[in-house]
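Here the structure comes first, spelled out in structure tokens, and everything after it is commentary.
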Amino acid sequence: MNKHALLNADMNYLAAILGHTDEVTICDAGLPIPASVQRIDLALTHGVPSFIATVKIWLASSQVEGLVLAQEFADVSPECHQALLLEIEAEQQVTGRTFSIEYISHEAFKQRTGHSRAVIRTGECTPYANVIFKTGVVF
């Protein structure tokens, strides 16, 4: 059994096989997931697991160098957007790295998920609570 917090086997495997610049999407319960992309479905019920809880575990398990967000996220769901930015800030402090943050339209975001190695679906029911993480390197 793993000693670290991430227990989900599919997510552990994903973190282990990612290479530099690979992308992983963590999304709310409603984001359409392209059929061509691996789906890791964690959703149990409304809000479980939450988007932020899933992001925290992913950040603790995988090296990130950047993220992509929908422009609409900050306007429509400002509390969740701010919570995400606080998690990103905390991770930057822990790693001593600065992550790039790119904002694109929600339509462009949905198209971009087709390039992700996997989409991790949460039970989050907050509109636009979605992020694409760009994988970094640990050295």
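In the structure tokens, each chain is lettered A, B, ... as it comes, each chain's residues begin at 1, and ligands are numbered from 1 in order of appearance.
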
Would you give me, as an NGL selection string, the residues in chain A that DSSP reads as alpha helix (DSSP H)? :A and (9-17 or 51-61 or 72-76 or 78-95 or 106-112)

Give me a file of those residues, with N, CA and C atoms, as a CSV table (one decimal), in the first residue's frame.
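This went into part_36.csv:
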chain,number,residue,atom,x,y,z
A,9,ALA,N,-5.6,3.9,-7.9
A,9,ALA,CA,-4.6,3.2,-8.7
A,9,ALA,C,-4.4,3.8,-10.1
A,10,ASP,N,-5.5,4.2,-10.7
A,10,ASP,CA,-5.5,4.8,-12.1
A,10,ASP,C,-4.7,6.1,-12.0
A,11,MET,N,-4.9,6.9,-11.0
A,11,MET,CA,-4.2,8.2,-10.9
A,11,MET,C,-2.8,8.0,-10.6
A,12,ASN,N,-2.4,7.0,-9.7
A,12,ASN,CA,-1.0,6.7,-9.4
A,12,ASN,C,-0.3,6.2,-10.7
A,13,TYR,N,-0.9,5.4,-11.5
A,13,TYR,CA,-0.3,5.0,-12.7
A,13,TYR,C,-0.1,6.1,-13.7
A,14,LEU,N,-1.1,7.0,-13.8
A,14,LEU,CA,-1.0,8.2,-14.7
A,14,LEU,C,0.1,9.0,-14.2
A,15,ALA,N,0.3,9.3,-13.0
A,15,ALA,CA,1.4,10.2,-12.5
A,15,ALA,C,2.7,9.5,-12.8
A,16,ALA,N,2.8,8.2,-12.8
A,16,ALA,CA,4.0,7.5,-13.0
A,16,ALA,C,4.5,7.5,-14.5
A,17,ILE,N,3.5,7.6,-15.4
A,17,ILE,CA,3.8,7.5,-16.8
A,17,ILE,C,3.9,8.8,-17.5
A,51,PHE,N,-13.7,19.3,-6.4
A,51,PHE,CA,-12.6,19.7,-7.3
A,51,PHE,C,-11.3,20.0,-6.6
A,52,ILE,N,-11.4,20.9,-5.5
A,52,ILE,CA,-10.3,21.3,-4.8
A,52,ILE,C,-9.6,20.1,-4.1
A,53,ALA,N,-10.3,19.2,-3.5
A,53,ALA,CA,-9.7,18.1,-2.8
A,53,ALA,C,-8.9,17.2,-3.8
A,54,THR,N,-9.5,17.1,-5.0
A,54,THR,CA,-8.8,16.3,-6.1
A,54,THR,C,-7.5,17.0,-6.5
A,55,VAL,N,-7.6,18.3,-6.7
A,55,VAL,CA,-6.5,19.2,-7.1
A,55,VAL,C,-5.4,19.0,-6.1
A,56,LYS,N,-5.7,19.1,-4.8
A,56,LYS,CA,-4.7,19.0,-3.7
A,56,LYS,C,-3.9,17.7,-3.8
A,57,ILE,N,-4.6,16.6,-4.0
A,57,ILE,CA,-4.0,15.3,-4.0
A,57,ILE,C,-3.1,15.2,-5.3
A,58,TRP,N,-3.6,15.7,-6.4
A,58,TRP,CA,-2.8,15.7,-7.7
A,58,TRP,C,-1.6,16.5,-7.5
A,59,LEU,N,-1.7,17.7,-6.9
A,59,LEU,CA,-0.5,18.5,-6.8
A,59,LEU,C,0.6,17.9,-5.9
A,60,ALA,N,0.1,17.1,-4.9
A,60,ALA,CA,1.0,16.4,-4.0
A,60,ALA,C,1.7,15.2,-4.6
A,61,SER,N,1.1,14.7,-5.8
A,61,SER,CA,1.5,13.5,-6.4
A,61,SER,C,2.2,13.7,-7.7
A,72,GLU,N,-14.0,32.0,-18.3
A,72,GLU,CA,-15.3,32.2,-17.6
A,72,GLU,C,-15.2,31.7,-16.1
A,73,PHE,N,-14.2,30.9,-15.7
A,73,PHE,CA,-14.1,30.4,-14.4
A,73,PHE,C,-14.1,31.5,-13.3
A,74,ALA,N,-13.3,32.5,-13.5
A,74,ALA,CA,-13.1,33.6,-12.4
A,74,ALA,C,-14.4,34.4,-12.3
A,75,ASP,N,-15.1,34.6,-13.4
A,75,ASP,CA,-16.3,35.4,-13.4
A,75,ASP,C,-17.6,34.7,-12.8
A,76,VAL,N,-17.7,33.4,-13.2
A,76,VAL,CA,-18.9,32.7,-12.9
A,76,VAL,C,-18.8,32.0,-11.5
A,78,PRO,N,-16.2,32.6,-8.8
A,78,PRO,CA,-15.0,33.3,-8.2
A,78,PRO,C,-14.5,32.6,-6.9
A,79,GLU,N,-15.3,32.0,-6.1
A,79,GLU,CA,-14.8,31.4,-4.8
A,79,GLU,C,-14.0,30.2,-5.2
A,80,CYS,N,-14.5,29.3,-6.1
A,80,CYS,CA,-13.8,28.1,-6.4
A,80,CYS,C,-12.5,28.5,-7.2
A,81,HIS,N,-12.6,29.5,-8.0
A,81,HIS,CA,-11.4,30.0,-8.8
A,81,HIS,C,-10.3,30.4,-7.8
A,82,GLN,N,-10.7,31.2,-6.8
A,82,GLN,CA,-9.8,31.7,-5.8
A,82,GLN,C,-9.2,30.6,-5.0
A,83,ALA,N,-10.0,29.6,-4.6
A,83,ALA,CA,-9.5,28.5,-3.9
A,83,ALA,C,-8.4,27.7,-4.7
A,84,LEU,N,-8.7,27.6,-6.0
A,84,LEU,CA,-7.7,26.9,-6.9
A,84,LEU,C,-6.4,27.7,-6.9
A,85,LEU,N,-6.5,29.0,-7.0
A,85,LEU,CA,-5.3,29.9,-7.1
A,85,LEU,C,-4.5,29.8,-5.8
A,86,LEU,N,-5.2,29.7,-4.6
A,86,LEU,CA,-4.5,29.5,-3.4
A,86,LEU,C,-3.8,28.2,-3.3
A,87,GLU,N,-4.3,27.2,-3.8
A,87,GLU,CA,-3.6,25.9,-3.9
A,87,GLU,C,-2.4,25.9,-4.8
A,88,ILE,N,-2.5,26.6,-5.9
A,88,ILE,CA,-1.4,26.8,-6.8
A,88,ILE,C,-0.3,27.6,-6.1
A,89,GLU,N,-0.7,28.7,-5.5
A,89,GLU,CA,0.3,29.5,-4.8
A,89,GLU,C,1.0,28.7,-3.7
A,90,ALA,N,0.3,27.9,-3.0
A,90,ALA,CA,0.9,27.1,-1.9
A,90,ALA,C,1.9,26.1,-2.5
A,91,GLU,N,1.5,25.5,-3.6
A,91,GLU,CA,2.4,24.5,-4.3
A,91,GLU,C,3.6,25.2,-4.9
A,92,GLN,N,3.5,26.4,-5.4
A,92,GLN,CA,4.6,27.1,-5.9
A,92,GLN,C,5.6,27.4,-4.7
A,93,GLN,N,5.1,27.7,-3.6
A,93,GLN,CA,6.0,28.0,-2.4
A,93,GLN,C,6.7,26.7,-2.0
A,94,VAL,N,6.0,25.6,-2.0
A,94,VAL,CA,6.6,24.3,-1.6
A,94,VAL,C,7.7,23.9,-2.5
A,95,THR,N,7.4,24.1,-3.8
A,95,THR,CA,8.4,23.6,-4.8
A,95,THR,C,9.4,24.6,-5.2
A,106,HIS,N,-14.0,28.9,-22.8
A,106,HIS,CA,-14.4,27.5,-22.3
A,106,HIS,C,-14.5,26.6,-23.5
A,107,GLU,N,-14.9,27.1,-24.7
A,107,GLU,CA,-15.0,26.3,-25.9
A,107,GLU,C,-13.6,25.8,-26.3
A,108,ALA,N,-12.6,26.6,-26.2
A,108,ALA,CA,-11.2,26.2,-26.5
A,108,ALA,C,-10.8,25.2,-25.5
A,109,PHE,N,-11.2,25.4,-24.2
A,109,PHE,CA,-10.8,24.5,-23.1
A,109,PHE,C,-11.3,23.1,-23.4
A,110,LYS,N,-12.6,23.0,-23.8
A,110,LYS,CA,-13.2,21.7,-24.1
A,110,LYS,C,-12.4,21.0,-25.2
A,111,GLN,N,-12.1,21.8,-26.2
A,111,GLN,CA,-11.3,21.2,-27.3
A,111,GLN,C,-9.9,20.7,-26.9
A,112,ARG,N,-9.3,21.5,-26.0
A,112,ARG,CA,-7.9,21.2,-25.5
A,112,ARG,C,-7.9,19.9,-24.7

Residues near Asp41 of chain A, cut-off 9 Å, only C-alpha atoms, skip fewer than 5 positions along chain, as a list in words: Val119, Ile120, Arg121, Thr122 and Gly123 of chain A

For segment 128-138 of chain A, find every residue with an atom within 6 Å (counting only C-alpha atoms), except residues of its own chain fewer than 6 positions away, and show them as a list in words. His20, Thr21, Asp22, Glu23, Val24, Thr25, Ile26, Cys27, Asp28, Gln63, Val64, Glu65, Gly66, Leu67, Val68, Leu69 and Phe73 of chain A

Distance in Å - atom CA of Gly96 of chain A versus atom CA of Gly19 of chain A: 20.1 Å

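With atom CA of Gly47 of chain A on one side and atom CA of Cys125 of chain A on the other, the separation reads 6.0 Å.
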